[in-house]
$ cat input32.pdb   # PDB, C-alpha atoms, pLDDT in the B column
ATOM      1  CA  MET A   1      -1.902  -7.492  35.416  1.00 82.00           C
ATOM      2  CA  LEU A   2      -0.718 -11.052  34.881  1.00 90.00           C
ATOM      3  CA  LEU A   3      -0.544 -12.056  31.208  1.00 92.00           C
ATOM      4  CA  TYR A   4       1.647  -9.293  29.790  1.00 91.00           C
ATOM      5  CA  PRO A   5       3.979  -9.213  32.832  1.00 92.00           C
ATOM      6  CA  LEU A   6       4.349 -12.991  32.563  1.00 92.00           C
ATOM      7  CA  TYR A   7       5.227 -12.725  28.865  1.00 93.00           C
ATOM      8  CA  ALA A   8       7.604  -9.791  29.445  1.00 91.00           C
ATOM      9  CA  SER A   9       9.262 -11.591  32.368  1.00 92.00           C
ATOM     10  CA  ILE A  10       9.978 -14.629  30.204  1.00 92.00           C
ATOM     11  CA  ARG A  11      11.456 -12.360  27.514  1.00 91.00           C
ATOM     12  CA  ALA A  12      13.562 -10.611  30.176  1.00 88.00           C
ATOM     13  CA  ILE A  13      14.932 -13.926  31.416  1.00 88.00           C
ATOM     14  CA  GLU A  14      15.937 -14.867  27.885  1.00 88.00           C
ATOM     15  CA  SER A  15      17.553 -11.511  27.064  1.00 83.00           C
ATOM     16  CA  PRO A  16      21.245 -10.942  27.844  1.00 78.00           C
ATOM     17  CA  SER A  17      20.542  -7.569  29.493  1.00 76.00           C
ATOM     18  CA  VAL A  18      19.832  -7.365  33.225  1.00 74.00           C
ATOM     19  CA  VAL A  19      18.063  -3.997  32.950  1.00 75.00           C
ATOM     20  CA  ASP A  20      14.733  -5.519  31.932  1.00 81.00           C
ATOM     21  CA  ASP A  21      15.098  -8.134  34.681  1.00 84.00           C
ATOM     22  CA  GLN A  22      15.076  -5.295  37.214  1.00 82.00           C
ATOM     23  CA  GLN A  23      11.800  -3.901  35.799  1.00 86.00           C
ATOM     24  CA  TRP A  24       9.975  -7.210  35.990  1.00 90.00           C
ATOM     25  CA  LEU A  25      11.389  -8.437  39.289  1.00 90.00           C
ATOM     26  CA  THR A  26      10.364  -5.134  40.832  1.00 89.00           C
ATOM     27  CA  TYR A  27       6.912  -5.437  39.265  1.00 93.00           C
ATOM     28  CA  TRP A  28       6.345  -8.880  40.772  1.00 93.00           C
ATOM     29  CA  ILE A  29       7.511  -7.700  44.195  1.00 90.00           C
ATOM     30  CA  ILE A  30       5.167  -4.690  44.130  1.00 91.00           C
ATOM     31  CA  TYR A  31       2.309  -6.797  42.772  1.00 92.00           C
ATOM     32  CA  SER A  32       2.879  -9.293  45.603  1.00 92.00           C
ATOM     33  CA  PHE A  33       2.704  -6.482  48.170  1.00 90.00           C
ATOM     34  CA  ILE A  34      -0.524  -5.206  46.610  1.00 92.00           C
ATOM     35  CA  THR A  35      -2.001  -8.704  46.736  1.00 93.00           C
ATOM     36  CA  LEU A  36      -0.931  -9.201  50.368  1.00 94.00           C
ATOM     37  CA  PHE A  37      -2.408  -5.801  51.212  1.00 93.00           C
ATOM     38  CA  GLU A  38      -5.684  -6.776  49.537  1.00 94.00           C
ATOM     39  CA  LEU A  39      -5.828 -10.121  51.302  1.00 94.00           C
ATOM     40  CA  SER A  40      -5.121  -8.511  54.661  1.00 95.00           C
ATOM     41  CA  PHE A  41      -7.546  -5.615  54.355  1.00 94.00           C
ATOM     42  CA  TRP A  42     -10.244  -7.033  52.098  1.00 92.00           C
ATOM     43  CA  ARG A  43     -13.020  -6.134  54.519  1.00 93.00           C
ATOM     44  CA  ILE A  44     -12.000  -2.489  54.539  1.00 93.00           C
ATOM     45  CA  LEU A  45     -11.317  -2.399  50.798  1.00 92.00           C
ATOM     46  CA  ALA A  46     -14.799  -3.755  50.110  1.00 90.00           C
ATOM     47  CA  TRP A  47     -16.082  -0.384  51.350  1.00 93.00           C
ATOM     48  CA  VAL A  48     -13.730   1.654  49.140  1.00 91.00           C
ATOM     49  CA  PRO A  49     -15.819   2.221  46.007  1.00 90.00           C
ATOM     50  CA  LEU A  50     -12.980   2.911  43.578  1.00 93.00           C
ATOM     51  CA  TRP A  51     -10.408   0.432  44.886  1.00 92.00           C
ATOM     52  CA  ALA A  52     -10.586  -1.865  41.857  1.00 91.00           C
ATOM     53  CA  TYR A  53     -10.061   1.067  39.471  1.00 94.00           C
ATOM     54  CA  MET A  54      -7.222   2.494  41.551  1.00 93.00           C
ATOM     55  CA  LYS A  55      -5.509  -0.893  41.572  1.00 92.00           C
ATOM     56  CA  LEU A  56      -5.993  -1.228  37.820  1.00 92.00           C
ATOM     57  CA  LEU A  57      -4.478   2.198  37.160  1.00 94.00           C
ATOM     58  CA  LEU A  58      -1.552   1.503  39.496  1.00 93.00           C
ATOM     59  CA  CYS A  59      -0.823  -1.840  37.844  1.00 92.00           C
ATOM     60  CA  MET A  60      -1.095  -0.303  34.376  1.00 93.00           C
ATOM     61  CA  TRP A  61       1.440   2.350  35.397  1.00 94.00           C
ATOM     62  CA  LEU A  62       3.743  -0.356  36.766  1.00 93.00           C
ATOM     63  CA  VAL A  63       3.449  -2.563  33.669  1.00 91.00           C
ATOM     64  CA  LEU A  64       3.151  -0.456  30.531  1.00 90.00           C
ATOM     65  CA  PRO A  65       6.513   0.051  28.791  1.00 84.00           C
ATOM     66  CA  ILE A  66       5.732   3.721  28.128  1.00 88.00           C
ATOM     67  CA  PHE A  67       5.792   4.362  31.905  1.00 88.00           C
ATOM     68  CA  ASN A  68       8.067   1.600  33.314  1.00 85.00           C
ATOM     69  CA  GLY A  69       6.580   2.382  36.694  1.00 90.00           C
ATOM     70  CA  ALA A  70       8.119  -0.595  38.466  1.00 89.00           C
ATOM     71  CA  ALA A  71      11.607   0.478  37.374  1.00 85.00           C
ATOM     72  CA  TYR A  72      10.801   4.041  38.496  1.00 87.00           C
ATOM     73  CA  VAL A  73       9.732   2.806  41.941  1.00 87.00           C
ATOM     74  CA  TYR A  74      12.899   0.744  42.221  1.00 81.00           C
ATOM     75  CA  GLU A  75      15.242   3.552  41.140  1.00 79.00           C
ATOM     76  CA  ASN A  76      13.629   6.302  43.213  1.00 83.00           C
ATOM     77  CA  TYR A  77      12.479   4.519  46.360  1.00 82.00           C
ATOM     78  CA  ILE A  78      13.712   0.970  46.862  1.00 77.00           C
ATOM     79  CA  ARG A  79      17.300   1.359  45.650  1.00 72.00           C
ATOM     80  CA  LYS A  80      17.993   4.213  48.077  1.00 69.00           C
ATOM     81  CA  TYR A  81      17.345   2.010  51.084  1.00 69.00           C
ATOM     82  CA  ILE A  82      18.361  -1.456  49.943  1.00 64.00           C
ATOM     83  CA  LYS A  83      21.728  -2.103  48.393  1.00 52.00           C
ATOM     84  CA  LEU A  84      22.138  -5.856  47.952  1.00 44.00           C
ATOM     85  CA  GLY A  85      25.236  -6.323  45.832  1.00 46.00           C
ATOM     86  CA  GLY A  86      26.242  -4.803  42.551  1.00 46.00           C
ATOM     87  CA  PHE A  87      24.747  -4.340  39.139  1.00 48.00           C
ATOM     88  CA  GLY A  88      24.940  -6.930  36.459  1.00 47.00           C
ATOM     89  CA  GLY A  89      25.930 -10.501  36.110  1.00 51.00           C
ATOM     90  CA  SER A  90      29.286 -12.179  36.216  1.00 53.00           C
ATOM     91  CA  ASN A  91      30.114 -10.910  32.697  1.00 68.00           C
ATOM     92  CA  TYR A  92      30.984  -7.441  34.047  1.00 69.00           C
ATOM     93  CA  THR A  93      34.145  -6.494  35.939  1.00 74.00           C
ATOM     94  CA  GLU A  94      33.870  -4.455  39.144  1.00 73.00           C
ATOM     95  CA  ASP A  95      34.904  -1.266  37.310  1.00 73.00           C
ATOM     96  CA  GLN A  96      32.281  -1.887  34.635  1.00 71.00           C
ATOM     97  CA  LYS A  97      29.608  -2.470  37.296  1.00 69.00           C
ATOM     98  CA  LYS A  98      30.567   0.852  38.941  1.00 68.00           C
ATOM     99  CA  ILE A  99      30.187   2.667  35.618  1.00 70.00           C
ATOM    100  CA  LEU A 100      26.763   1.122  35.043  1.00 68.00           C
ATOM    101  CA  GLN A 101      25.606   2.034  38.561  1.00 67.00           C
ATOM    102  CA  MET A 102      26.474   5.700  38.003  1.00 67.00           C
ATOM    103  CA  ILE A 103      24.057   6.232  35.130  1.00 68.00           C
ATOM    104  CA  SER A 104      20.274   6.408  35.129  1.00 63.00           C
ATOM    105  CA  LEU A 105      18.095   3.385  34.410  1.00 64.00           C
ATOM    106  CA  ASP A 106      17.078   4.599  30.944  1.00 64.00           C
ATOM    107  CA  ALA A 107      20.654   5.400  29.980  1.00 74.00           C
ATOM    108  CA  ARG A 108      21.832   2.110  31.498  1.00 72.00           C
ATOM    109  CA  LYS A 109      19.453   0.205  29.247  1.00 72.00           C
ATOM    110  CA  TYR A 110      20.895   1.829  26.109  1.00 77.00           C
ATOM    111  CA  VAL A 111      24.468   1.474  27.331  1.00 79.00           C
ATOM    112  CA  ALA A 112      23.949  -2.236  28.084  1.00 78.00           C
ATOM    113  CA  GLU A 113      22.501  -2.761  24.590  1.00 80.00           C
ATOM    114  CA  TYR A 114      25.388  -0.804  23.019  1.00 84.00           C
ATOM    115  CA  VAL A 115      28.004  -2.736  24.994  1.00 84.00           C
ATOM    116  CA  ASP A 116      26.367  -6.055  24.081  1.00 85.00           C
ATOM    117  CA  LYS A 117      26.511  -5.071  20.426  1.00 88.00           C
ATOM    118  CA  HIS A 118      29.928  -3.326  20.214  1.00 89.00           C
ATOM    119  CA  GLY A 119      31.874  -4.394  23.316  1.00 88.00           C
ATOM    120  CA  TRP A 120      33.424  -2.579  26.275  1.00 86.00           C
ATOM    121  CA  PRO A 121      36.571  -1.314  24.510  1.00 89.00           C
ATOM    122  CA  VAL A 122      34.469   0.781  22.105  1.00 88.00           C
ATOM    123  CA  PHE A 123      32.370   2.155  24.978  1.00 85.00           C
ATOM    124  CA  GLU A 124      35.513   2.984  26.990  1.00 87.00           C
ATOM    125  CA  ARG A 125      36.889   4.934  24.007  1.00 89.00           C
ATOM    126  CA  ILE A 126      33.668   6.965  23.937  1.00 86.00           C
ATOM    127  CA  ILE A 127      34.003   7.700  27.668  1.00 84.00           C
ATOM    128  CA  ASN A 128      37.641   8.769  27.232  1.00 86.00           C
ATOM    129  CA  GLU A 129      36.747  11.100  24.347  1.00 85.00           C
ATOM    130  CA  ALA A 130      33.907  12.617  26.413  1.00 82.00           C
ATOM    131  CA  GLU A 131      36.315  13.212  29.309  1.00 82.00           C
ATOM    132  CA  LYS A 132      38.777  14.953  26.966  1.00 84.00           C
ATOM    133  CA  GLU A 133      35.977  17.183  25.631  1.00 81.00           C
ATOM    134  CA  ALA A 134      34.810  18.002  29.161  1.00 78.00           C
ATOM    135  CA  LYS A 135      38.350  19.039  30.167  1.00 81.00           C
ATOM    136  CA  LYS A 136      38.581  21.385  27.159  1.00 78.00           C
ATOM    137  CA  HIS A 137      35.468  23.297  28.283  1.00 67.00           C
TER     138      HIS A 137
END
$ encode --input "input32.pdb" --output "structure tokens"
Amino acid sequence: MLLYPLYASIRAIESPSVVDDQQWLTYWIIYSFITLFELSFWRILAWVPLWAYMKLLLCMWLVLPIFNGAAYVYENYIRKYIKLGGFGGSNYTEDQKKILQMISLDARKYVAEYVDKHGWPVFERIINEAEKEAKKH
């Protein structure tokens, strides 16, 4: 619950993509809420026989890359209610940020990697070709 997220958070800070930052920032926020909940209700939780196992399973779901639970929680629950500014860093224009916000988290991750590797002009050509194909059908 601490070692791998710490390692992954450091890697996310060092990577140029902001998609992984979202996963790990969300994880630490949720983990902080769980810890505050435990500290506040420890007397009640002491009587819940499976609390430690439930917490372990929840944290595993939040952490493991196969599930990306923290990113799921952010995309499906937190993001709907809290909109604090746009996507991405200062490297993206407002139009590019709008495009990235329109696609799902998984797709956004691959798009960000593709754009980092090939650049926005190549990605924009792909979008234009897809729009032409969509108009044909």
$ resolve_selection --input "input32.pdb" --expression "the PyMOL selection byres ((chain A and resi 113-117) around 12)" --output "ChimeraX atom specification"
/A:15-20,91-92,96,100,106-112,118-126
$ atom_distance --input "input32.pdb" --atom1 "CA of Phe37 (chain A)" --atom2 "CA of Lys55 (chain A)"
11.3 Å
$ atom_distance --input "input32.pdb" --atom1 "CA of Gln22 (chain A)" --atom2 "CA of Asp95 (chain A)"
20.2 Å
$ resolve_selection --input "input32.pdb" --expression "the PyMOL selection byres ((chain A and resi 2) around 12)" --output "list in words"
Met1, Leu3, Tyr4, Pro5, Leu6, Tyr7, Ala8, Ser9, Trp24, Tyr27, Trp28, Tyr31, Ser32, Leu56, Cys59, Met60, Leu62 and Val63 of chain A
